[in-house]
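Colleague: Can you read through this structure? Questions will come right after.
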Amino acid sequence: LIPASITVYTKEDIERLGARNLLDLVRITPGFAELGDNNERIIGTRGTSSTSLQDILILINGHRISDVFTNTNGPDWLSLDYVEQIELMRGPGSALYGENAFSGVINIVTKDGRFKNINKVSVKTGTGNTFRNIDPKFNTYHLNYEYGRKLSNSEGVYLSGTYTQTGGAEIAHSSLKNATVLPDILQGDTVRGAARNGNEYINRYGPGYNILLNYNRKSLRVTSNAQSNAFVYSRPSSLNLWQSDEPDVRRNRVRKDRREFIHLEYGLFDNSDRFEHNLLLKLSGDHFHKDMFFPALSNRDAGNQRILGNEYRGTVSLEFSSDSLMKNVDVLGDQHFLLGVESYFNNWHYNYFTGNDSTFILTQTQDYFTDPGEARFEYISAAYMQTEQHLVQDILIATAGVRVNYHSKYSTFDEFEWGKQYSPRLALIYLAPKKHRDVNIFKAKLLYNSAFFPPPFLYRRGGIFGFQGSDSLTVQKIESGELIFSGDLPNKFSYSALVYANKIDNIIQNVFVPSIGTNIYINAPQAKRNTGIELEVRHLLEMQKLELRSFINYSLAAEHDFNDSKNHPYFDIFNAKYFGSTSTLKNYPTSMANLGLDFITRTEPGNESSRSKPRFSIGSNVQWIGESYVYSLYGFDQDQLVLNANGEQSRSTISDAIVVDARARVYFRKFNFGISVYNLTNESYYLPSVIFRTRRQNAEGRMIMLNFAYLFNLN
């Protein structure tokens with residue numbers, strides 16, 4: 001009944017699929033894609049791509065963990081060890097979740113000690129080369145300990161602690177078909193030629209930790225999380241390969257992120273027999289710390305930049321919900337009503353540094369940091385409601401909701417327009433009557449959702465090579481219409497098919513301004529239309545001793561510009577006269593497909609001897625990534641990048657790719673072990689990238705992971 005299209009992965013799915021991180025799940029989910037970025041790893045959805053940030057809101061137990069600086073929390077940083085399930089929602093979600101839920105929402109539901117005692121240690125080690133060296137610089141090490149205790153029927157505690165470090169996947173450029181390495185350029189002079197025969201390490205991370213604590217007692221729920229990560233840049237801003245990979249010169253090639261939060265929920269009516277409704281109080285506090293180096297060249301410290309600072313956020317919300325407000329109205333079916341108010345503040349304090357060596361000097365003359373180290377403070381408040389009404393009991397359900405927003409910078413009620421002051425949501429859901437084995441053979445959803453996206457601090461103030469921030473930016477806005485058909489068929493088949501059409505206004509773009517001789521971010525005057533289809537079929541075949549799980553999905557995305565800059569209503573996206581005939585989609589794959597297959601042996605119910613025998617799980621995924629189109633100052637000539645004449649941008653094609661993952665695991669009562677291989681054939685392919693001058697980035701090569709887990713006794 002959720003008014004959105006959602007894919008759910010349980011902890012069993014995550015283990016069976018051998019997922020290392022959130023991106024491994026994103027890759028096989030229709031409507032999502034991995035995009036390239038040298039500063040972090042980026043998720044895109046339904047044709048939208050961005051620069052050095054994400055427009056997808058990430059939640060842990062409903063608590064937003066995206067920061068203000070870039071609106072991101074890297075998908076590699078989120079530990080899957082403490083996950084009970086992950087919910088990936090495609091499409092705008094601001095009507096319920098507020099700002100930054102622009103093109104999607106990812107909610108991570110963590111494990112809970114109230115339901116099962118846990119005492120488990122797991123170890124993973126792997127390599128992106130040949131296990132030639134035990135040095136953490138080359139290999140991956142991941143250690144996790146979980147403890148969960150059921151203290152009573154209504155009380156439990158859960159703790160997860162993870163240490164991780166990875167050397168990433170090794171890319172040997174001498175073996176690549178196309179050389180995407182550029183020379184270092186400084187003031188028009190070549191400092192160092194392009195090193196096209198060296199190695200590059202993709203997705204390398206320094207030591208990091210992730211600690212999560214859950215405590216639940218009756219109507220009280222507390223979630224606390226602390227994490228730290230160090231992402232090692234694969235290349236400098238010059239896009240040459242590093243001249244040296246020694247530890248003492250690697251210290252200025254790292255982006256360090258740290259985050260802590262505590263989130264409390266308390267049901268004020270849970271202990272009362274007088275009320276049939278629920279009133280939930282939520283309190284939370286967040287701290288983010290960033291230390292981000294931006295190395296200019298491959299062989300020296302000259303021209304380096306650094307941003308260092310902290311963010312703080314405090315949130316309070318009150319949420320009322322009820323299934324019985326209109327229970328005495330006989331003409332209506334079941335109803336669910338939700339009403340909430342929320343208020344929070346963001347405060348940040350960042351310093352901007354430049355230097356000619358490793359000793360950085362605070363710069364006080366940068367236009368986009370007019371007051372280096374300045375503190376900023378913003379207030380955000382909102383009221384939201386959603387009602388779900390059965391027009392025909394269990395057959396036809398209508399949902400309506402809206403969120404009214406106040407933002408001290410971007411929504412101050414000087415006017416009242418959708419996407420700033422309010423974000424509406426509408427849905428009509430049809431469930432065919434259950435006739436066979438109590439399953440819904442056919443379901444249909446007609447959805448309308450909207451969202452808004454305030455420019456993050458990075459867009460406003462700048463500070464990374466290649467662009468200058470702008471305080472004149474306004475919010476991006478999106479409206480989305482979606483039609484979904486889905487159902488569960490006999491013999492445990494399920495299917496879904498959907499089409500969507502999005503209208504996006506005020507898109508933030510990076511453009512070159514000749515008068516100031518640099519790039520700057522602006523809100524594009526033209527609106528865009530994103531359209532696409534997503535198809536998926538899943539099957540579960542259960543036999544006496546074997547279980548076979550399979551899925552296949554396909555995604556197609558297109559984008560068109562409006563022919564003029566007028567403020568069009570949403571339904572103009574269906575009028576062909578406002579658009580050209582050619583899709584303008586760039587920096588995003590035009591189409592993608594995934595095929596997955598898993599064989600899992602089963603224990604026989606009631607047969608104690610079979611439970612003592614080992615179980616096996618063997619599976620594989622095949623992903624096809626279609627062509628991408630990018631516009632760049634560089635084109636290929638004899639398999640090498642060459643700067644276009646007169647600084648003109650030319651369109652080029654990033655070829656399609658087929659990526660194969662494989663995995664195998666053996667389960668015993670007390671322990672299990674296995675192997676997972678990602679990009680089994682070591683396919684060399686490129687991700688479309690917004691921030692690179694070449695608009696392409698090498699994707700991850702082959703990664704091999706060995707997994708071991710042991711369960712201790714816990715009485």
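Residue numbering restarts at 1 for every chain of the structure tokens, chains are lettered A, B, ... in their displayed order, and ligands are numbered from 1 as they appear.
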For range 585-593 of chain A, list every protein, DNA or RNA residue within 8 Å, evaluated using only C-alpha atoms, and leave out those in the same chain fewer than 3 positions away; present the list as a list in words.
Modeller: Pro30, Ala33, Leu35, Gly44, Gly47, Thr48, Ser49, Ile552, Asn553, Tyr554, Ser555, Leu556, Ala557, Ala558, Glu559, His560, Gln623, Trp624, Ile625, Gly626, Glu627, Ser628, Tyr629, Val630, Tyr631, Pro688, Ser689, Val690 and Arg695 of chain A
Colleague: So that I can check the surroundings of Asn214 in chain A, please list as a short mmCIF file (atom, residue, chain, number, x, y, z; two decimals) with all heavy atoms, in the first residue's frame every protein, DNA and RNA residue that reaches within 8 Å of it, counting only C-alpha atoms and ignoring chain neighbours fewer than 4 positions away.
Modeller:
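To be explicit, this is the file written out as part-v9.cif:
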```
data_model
loop_
_atom_site.label_atom_id
_atom_site.label_comp_id
_atom_site.auth_asym_id
_atom_site.auth_seq_id
_atom_site.Cartn_x
_atom_site.Cartn_y
_atom_site.Cartn_z
N LYS A 111 19.16 -4.31 12.99
CA LYS A 111 18.79 -5.46 13.80
C LYS A 111 18.37 -5.02 15.20
O LYS A 111 18.72 -3.94 15.67
CB LYS A 111 19.96 -6.45 13.87
CG LYS A 111 20.33 -7.04 12.52
CD LYS A 111 21.54 -7.94 12.60
CE LYS A 111 21.94 -8.47 11.23
NZ LYS A 111 23.16 -9.31 11.27
N ASP A 112 17.62 -5.90 15.86
CA ASP A 112 16.99 -5.57 17.14
C ASP A 112 17.20 -6.75 18.08
O ASP A 112 16.83 -7.88 17.76
CB ASP A 112 15.51 -5.30 16.91
CG ASP A 112 14.81 -4.75 18.13
OD1 ASP A 112 15.26 -5.03 19.25
OD2 ASP A 112 13.80 -4.04 17.97
N GLY A 113 17.79 -6.49 19.25
CA GLY A 113 18.08 -7.57 20.20
C GLY A 113 16.86 -8.17 20.87
O GLY A 113 16.99 -9.19 21.55
N VAL A 157 18.86 -5.38 23.67
CA VAL A 157 19.99 -4.55 23.31
C VAL A 157 20.74 -5.22 22.17
O VAL A 157 20.83 -6.45 22.09
CB VAL A 157 20.92 -4.31 24.52
CG1 VAL A 157 21.53 -5.62 25.00
CG2 VAL A 157 22.00 -3.29 24.18
N TYR A 158 21.27 -4.40 21.25
CA TYR A 158 22.04 -4.92 20.12
C TYR A 158 23.24 -4.02 19.89
O TYR A 158 23.14 -2.79 19.92
CB TYR A 158 21.18 -4.97 18.85
CG TYR A 158 21.98 -5.32 17.62
CD1 TYR A 158 22.30 -6.65 17.33
CD2 TYR A 158 22.46 -4.34 16.76
CE1 TYR A 158 23.05 -6.97 16.22
CE2 TYR A 158 23.21 -4.65 15.64
CZ TYR A 158 23.51 -5.98 15.38
OH TYR A 158 24.26 -6.30 14.28
N LEU A 159 24.41 -4.66 19.65
CA LEU A 159 25.65 -3.93 19.41
C LEU A 159 26.37 -4.54 18.22
O LEU A 159 26.48 -5.76 18.10
CB LEU A 159 26.55 -3.99 20.65
CG LEU A 159 27.97 -3.41 20.49
CD1 LEU A 159 27.92 -1.89 20.31
CD2 LEU A 159 28.84 -3.77 21.69
N ARG A 221 12.85 3.57 22.09
CA ARG A 221 13.83 3.02 21.15
C ARG A 221 14.97 4.01 20.99
O ARG A 221 14.75 5.19 20.72
CB ARG A 221 13.19 2.76 19.79
CG ARG A 221 14.15 2.19 18.77
CD ARG A 221 13.46 1.89 17.45
NE ARG A 221 14.33 1.18 16.54
CZ ARG A 221 13.98 0.73 15.35
NH1 ARG A 221 12.72 0.92 14.93
NH2 ARG A 221 14.83 0.10 14.57
N VAL A 222 16.20 3.53 21.17
CA VAL A 222 17.39 4.37 21.06
C VAL A 222 18.31 3.75 20.01
O VAL A 222 18.63 2.56 20.08
CB VAL A 222 18.14 4.50 22.40
CG1 VAL A 222 19.37 5.40 22.24
CG2 VAL A 222 17.21 5.04 23.48
N THR A 223 18.72 4.55 19.04
CA THR A 223 19.70 4.13 18.04
C THR A 223 20.87 5.10 18.09
O THR A 223 20.67 6.31 18.01
CB THR A 223 19.11 4.13 16.62
OG1 THR A 223 17.96 3.28 16.57
CG2 THR A 223 20.13 3.64 15.60
N SER A 224 22.07 4.56 18.21
CA SER A 224 23.28 5.39 18.23
C SER A 224 24.29 4.80 17.27
O SER A 224 24.47 3.58 17.22
CB SER A 224 23.86 5.46 19.64
OG SER A 224 25.00 6.29 19.67
#
```
Colleague: Could you state the separation of CA of Phe115 in chain A and CA of Ser79 in chain A in Å, given to one decimal place?
Modeller: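 Computing it gives 20.8 Å between the two atoms.
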Colleague: Just give me the gap between CA of Glu482 in chain A and CA of His407 in chain A in Å, one decimal is fine.
Modeller: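 Between CA of Glu482 in chain A and CA of His407 in chain A the gap works out to 28.3 Å.
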Colleague: Env of range 614-620 of chain A: 7 Å cut, atoms = only C-alpha atoms, seq-sep filter 5 positions within chain, self excluded. Answer as a list in words.
Modeller: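 Answer for this query is Gly596, Leu597, Asp598, Phe599, Ile600, Thr601, Arg602, Asp661, Ala662, Arg663, Ala664, Arg665, Val666, Tyr667 and Phe668 of chain A.
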Colleague: For Val392 in chain A, find every residue with an atom within 7 Å (counting only C-alpha atoms), except residues of its own chain fewer than 4 positions away, and show them as number ranges by chain.
Modeller: A: 333, 396-397
Colleague: Convert the current residue selection to file output with all heavy atoms, as a PDB file, in the first residue's frame.
Modeller:
```pdb
ATOM      1  N   GLY A 333     -14.310   2.436   4.457  1.00  0.00           N
ATOM      2  CA  GLY A 333     -13.532   1.290   4.891  1.00  0.00           C
ATOM      3  C   GLY A 333     -12.424   1.719   5.829  1.00  0.00           C
ATOM      4  O   GLY A 333     -12.462   2.797   6.427  1.00  0.00           O
ATOM      5  N   LEU A 396      -9.735  -0.834  -3.401  1.00  0.00           N
ATOM      6  CA  LEU A 396      -9.391   0.476  -3.928  1.00  0.00           C
ATOM      7  C   LEU A 396      -9.029   1.398  -2.770  1.00  0.00           C
ATOM      8  O   LEU A 396      -9.861   1.656  -1.894  1.00  0.00           O
ATOM      9  CB  LEU A 396     -10.553   1.052  -4.729  1.00  0.00           C
ATOM     10  CG  LEU A 396     -10.255   2.317  -5.533  1.00  0.00           C
ATOM     11  CD1 LEU A 396      -9.185   2.035  -6.593  1.00  0.00           C
ATOM     12  CD2 LEU A 396     -11.523   2.851  -6.185  1.00  0.00           C
ATOM     13  N   ILE A 397      -7.799   1.875  -2.766  1.00  0.00           N
ATOM     14  CA  ILE A 397      -7.279   2.676  -1.663  1.00  0.00           C
ATOM     15  C   ILE A 397      -6.715   3.976  -2.219  1.00  0.00           C
ATOM     16  O   ILE A 397      -5.975   3.975  -3.218  1.00  0.00           O
ATOM     17  CB  ILE A 397      -6.173   1.919  -0.893  1.00  0.00           C
ATOM     18  CG1 ILE A 397      -6.716   0.588  -0.364  1.00  0.00           C
ATOM     19  CG2 ILE A 397      -5.629   2.763   0.253  1.00  0.00           C
ATOM     20  CD1 ILE A 397      -6.312  -0.598  -1.198  1.00  0.00           C
TER      21      ILE A 397
END
```
Colleague: Select, from A:Gly314, A:Pro424, A:Pro569, A:Gly128, the residue with the minimum atom-to-atom distance to Thr399 in chain A, counting only C-alpha atoms.
Modeller: A:Pro424
Colleague: If you measure from CA of His349 in chain A to CA of Arg64 in chain A, what distance in Å do you get, rounded to one decimal?
Modeller: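 If I compute the distance from CA of His349 in chain A to CA of Arg64 in chain A, I get 20.0 Å.
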Colleague: Write out, as JSON lines, each residue of range 272-360 of chain A that has an atom at most 12 Å from range 85-106 of chain A, together with the closest pair of atoms and their distance in Å to one decimal, counting only C-alpha atoms, rows going by chain and rising number.
Modeller:
```
{"residue": "A:Ser317", "atom": "CA", "partner": "A:Tyr97", "partner_atom": "CA", "distance": 11.9}
{"residue": "A:Glu319", "atom": "CA", "partner": "A:Leu96", "partner_atom": "CA", "distance": 11.4}
{"residue": "A:Leu338", "atom": "CA", "partner": "A:Leu96", "partner_atom": "CA", "distance": 9.9}
{"residue": "A:Leu339", "atom": "CA", "partner": "A:Leu96", "partner_atom": "CA", "distance": 10.0}
{"residue": "A:Gly340", "atom": "CA", "partner": "A:Leu96", "partner_atom": "CA", "distance": 9.2}
{"residue": "A:Val341", "atom": "CA", "partner": "A:Leu96", "partner_atom": "CA", "distance": 10.7}
{"residue": "A:Glu342", "atom": "CA", "partner": "A:Gly98", "partner_atom": "CA", "distance": 9.6}
{"residue": "A:Ser343", "atom": "CA", "partner": "A:Gly98", "partner_atom": "CA", "distance": 10.8}
{"residue": "A:Tyr344", "atom": "CA", "partner": "A:Gly98", "partner_atom": "CA", "distance": 11.4}
```
Colleague: Could you please take those selected residues and save all heavy atoms as a PDB file, in the first residue's frame?
Modeller:
```pdb
ATOM      1  N   SER A 317      10.791  16.056  16.681  1.00  0.00           N
ATOM      2  CA  SER A 317       9.561  15.877  15.916  1.00  0.00           C
ATOM      3  C   SER A 317       8.529  15.154  16.773  1.00  0.00           C
ATOM      4  O   SER A 317       8.861  14.413  17.706  1.00  0.00           O
ATOM      5  CB  SER A 317       9.816  15.094  14.625  1.00  0.00           C
ATOM      6  OG  SER A 317      10.205  13.767  14.902  1.00  0.00           O
ATOM      7  N   GLU A 319       4.885  12.952  16.088  1.00  0.00           N
ATOM      8  CA  GLU A 319       4.136  12.303  15.014  1.00  0.00           C
ATOM      9  C   GLU A 319       2.945  11.538  15.577  1.00  0.00           C
ATOM     10  O   GLU A 319       3.108  10.661  16.429  1.00  0.00           O
ATOM     11  CB  GLU A 319       5.065  11.358  14.242  1.00  0.00           C
ATOM     12  CG  GLU A 319       4.517  10.833  12.950  1.00  0.00           C
ATOM     13  CD  GLU A 319       5.572  10.067  12.174  1.00  0.00           C
ATOM     14  OE1 GLU A 319       6.342  10.696  11.430  1.00  0.00           O
ATOM     15  OE2 GLU A 319       5.641   8.832  12.343  1.00  0.00           O
ATOM     16  N   LEU A 338      -1.918  10.029   9.411  1.00  0.00           N
ATOM     17  CA  LEU A 338      -0.616  10.402   9.960  1.00  0.00           C
ATOM     18  C   LEU A 338      -0.495  11.916   9.939  1.00  0.00           C
ATOM     19  O   LEU A 338      -0.778  12.568   8.925  1.00  0.00           O
ATOM     20  CB  LEU A 338       0.505   9.785   9.123  1.00  0.00           C
ATOM     21  CG  LEU A 338       1.944  10.153   9.511  1.00  0.00           C
ATOM     22  CD1 LEU A 338       2.322   9.511  10.831  1.00  0.00           C
ATOM     23  CD2 LEU A 338       2.919   9.715   8.420  1.00  0.00           C
ATOM     24  N   LEU A 339      -0.073  12.492  11.056  1.00  0.00           N
ATOM     25  CA  LEU A 339       0.133  13.925  11.163  1.00  0.00           C
ATOM     26  C   LEU A 339       1.399  14.165  11.971  1.00  0.00           C
ATOM     27  O   LEU A 339       1.575  13.586  13.051  1.00  0.00           O
ATOM     28  CB  LEU A 339      -1.055  14.603  11.843  1.00  0.00           C
ATOM     29  CG  LEU A 339      -0.945  16.114  12.085  1.00  0.00           C
ATOM     30  CD1 LEU A 339      -0.912  16.867  10.762  1.00  0.00           C
ATOM     31  CD2 LEU A 339      -2.101  16.601  12.960  1.00  0.00           C
ATOM     32  N   GLY A 340       2.291  14.997  11.462  1.00  0.00           N
ATOM     33  CA  GLY A 340       3.544  15.229  12.171  1.00  0.00           C
ATOM     34  C   GLY A 340       4.038  16.653  12.047  1.00  0.00           C
ATOM     35  O   GLY A 340       3.698  17.370  11.099  1.00  0.00           O
ATOM     36  N   VAL A 341       4.827  17.062  13.014  1.00  0.00           N
ATOM     37  CA  VAL A 341       5.543  18.335  12.969  1.00  0.00           C
ATOM     38  C   VAL A 341       7.009  18.043  13.289  1.00  0.00           C
ATOM     39  O   VAL A 341       7.326  17.160  14.094  1.00  0.00           O
ATOM     40  CB  VAL A 341       4.967  19.364  13.964  1.00  0.00           C
ATOM     41  CG1 VAL A 341       3.593  19.816  13.517  1.00  0.00           C
ATOM     42  CG2 VAL A 341       4.921  18.811  15.382  1.00  0.00           C
ATOM     43  N   GLU A 342       7.882  18.794  12.647  1.00  0.00           N
ATOM     44  CA  GLU A 342       9.315  18.542  12.785  1.00  0.00           C
ATOM     45  C   GLU A 342      10.064  19.861  12.723  1.00  0.00           C
ATOM     46  O   GLU A 342       9.681  20.771  11.979  1.00  0.00           O
ATOM     47  CB  GLU A 342       9.794  17.615  11.668  1.00  0.00           C
ATOM     48  CG  GLU A 342      11.272  17.288  11.718  1.00  0.00           C
ATOM     49  CD  GLU A 342      11.693  16.390  10.570  1.00  0.00           C
ATOM     50  OE1 GLU A 342      11.274  16.654   9.428  1.00  0.00           O
ATOM     51  OE2 GLU A 342      12.436  15.428  10.819  1.00  0.00           O
ATOM     52  N   SER A 343      11.122  19.965  13.508  1.00  0.00           N
ATOM     53  CA  SER A 343      11.965  21.151  13.469  1.00  0.00           C
ATOM     54  C   SER A 343      13.406  20.738  13.731  1.00  0.00           C
ATOM     55  O   SER A 343      13.671  19.890  14.584  1.00  0.00           O
ATOM     56  CB  SER A 343      11.502  22.165  14.519  1.00  0.00           C
ATOM     57  OG  SER A 343      12.316  23.322  14.481  1.00  0.00           O
ATOM     58  N   TYR A 344      14.324  21.315  12.963  1.00  0.00           N
ATOM     59  CA  TYR A 344      15.733  21.039  13.226  1.00  0.00           C
ATOM     60  C   TYR A 344      16.581  22.205  12.748  1.00  0.00           C
ATOM     61  O   TYR A 344      16.136  23.077  12.001  1.00  0.00           O
ATOM     62  CB  TYR A 344      16.193  19.724  12.601  1.00  0.00           C
ATOM     63  CG  TYR A 344      16.041  19.595  11.104  1.00  0.00           C
ATOM     64  CD1 TYR A 344      17.106  19.854  10.256  1.00  0.00           C
ATOM     65  CD2 TYR A 344      14.846  19.166  10.537  1.00  0.00           C
ATOM     66  CE1 TYR A 344      16.992  19.705   8.888  1.00  0.00           C
ATOM     67  CE2 TYR A 344      14.716  19.005   9.178  1.00  0.00           C
ATOM     68  CZ  TYR A 344      15.798  19.280   8.350  1.00  0.00           C
ATOM     69  OH  TYR A 344      15.676  19.122   6.989  1.00  0.00           O
TER      70      TYR A 344
END
```
Colleague: Write out as a ChimeraX atom specification which residues come within 9 Å of range 444-454 of chain A when counting only C-alpha atoms, dropping same-chain ones fewer than 2 positions away.
Modeller: /A:1,3-5,55,91-95,98-103,410,418-420,422-432,442,456,473-487
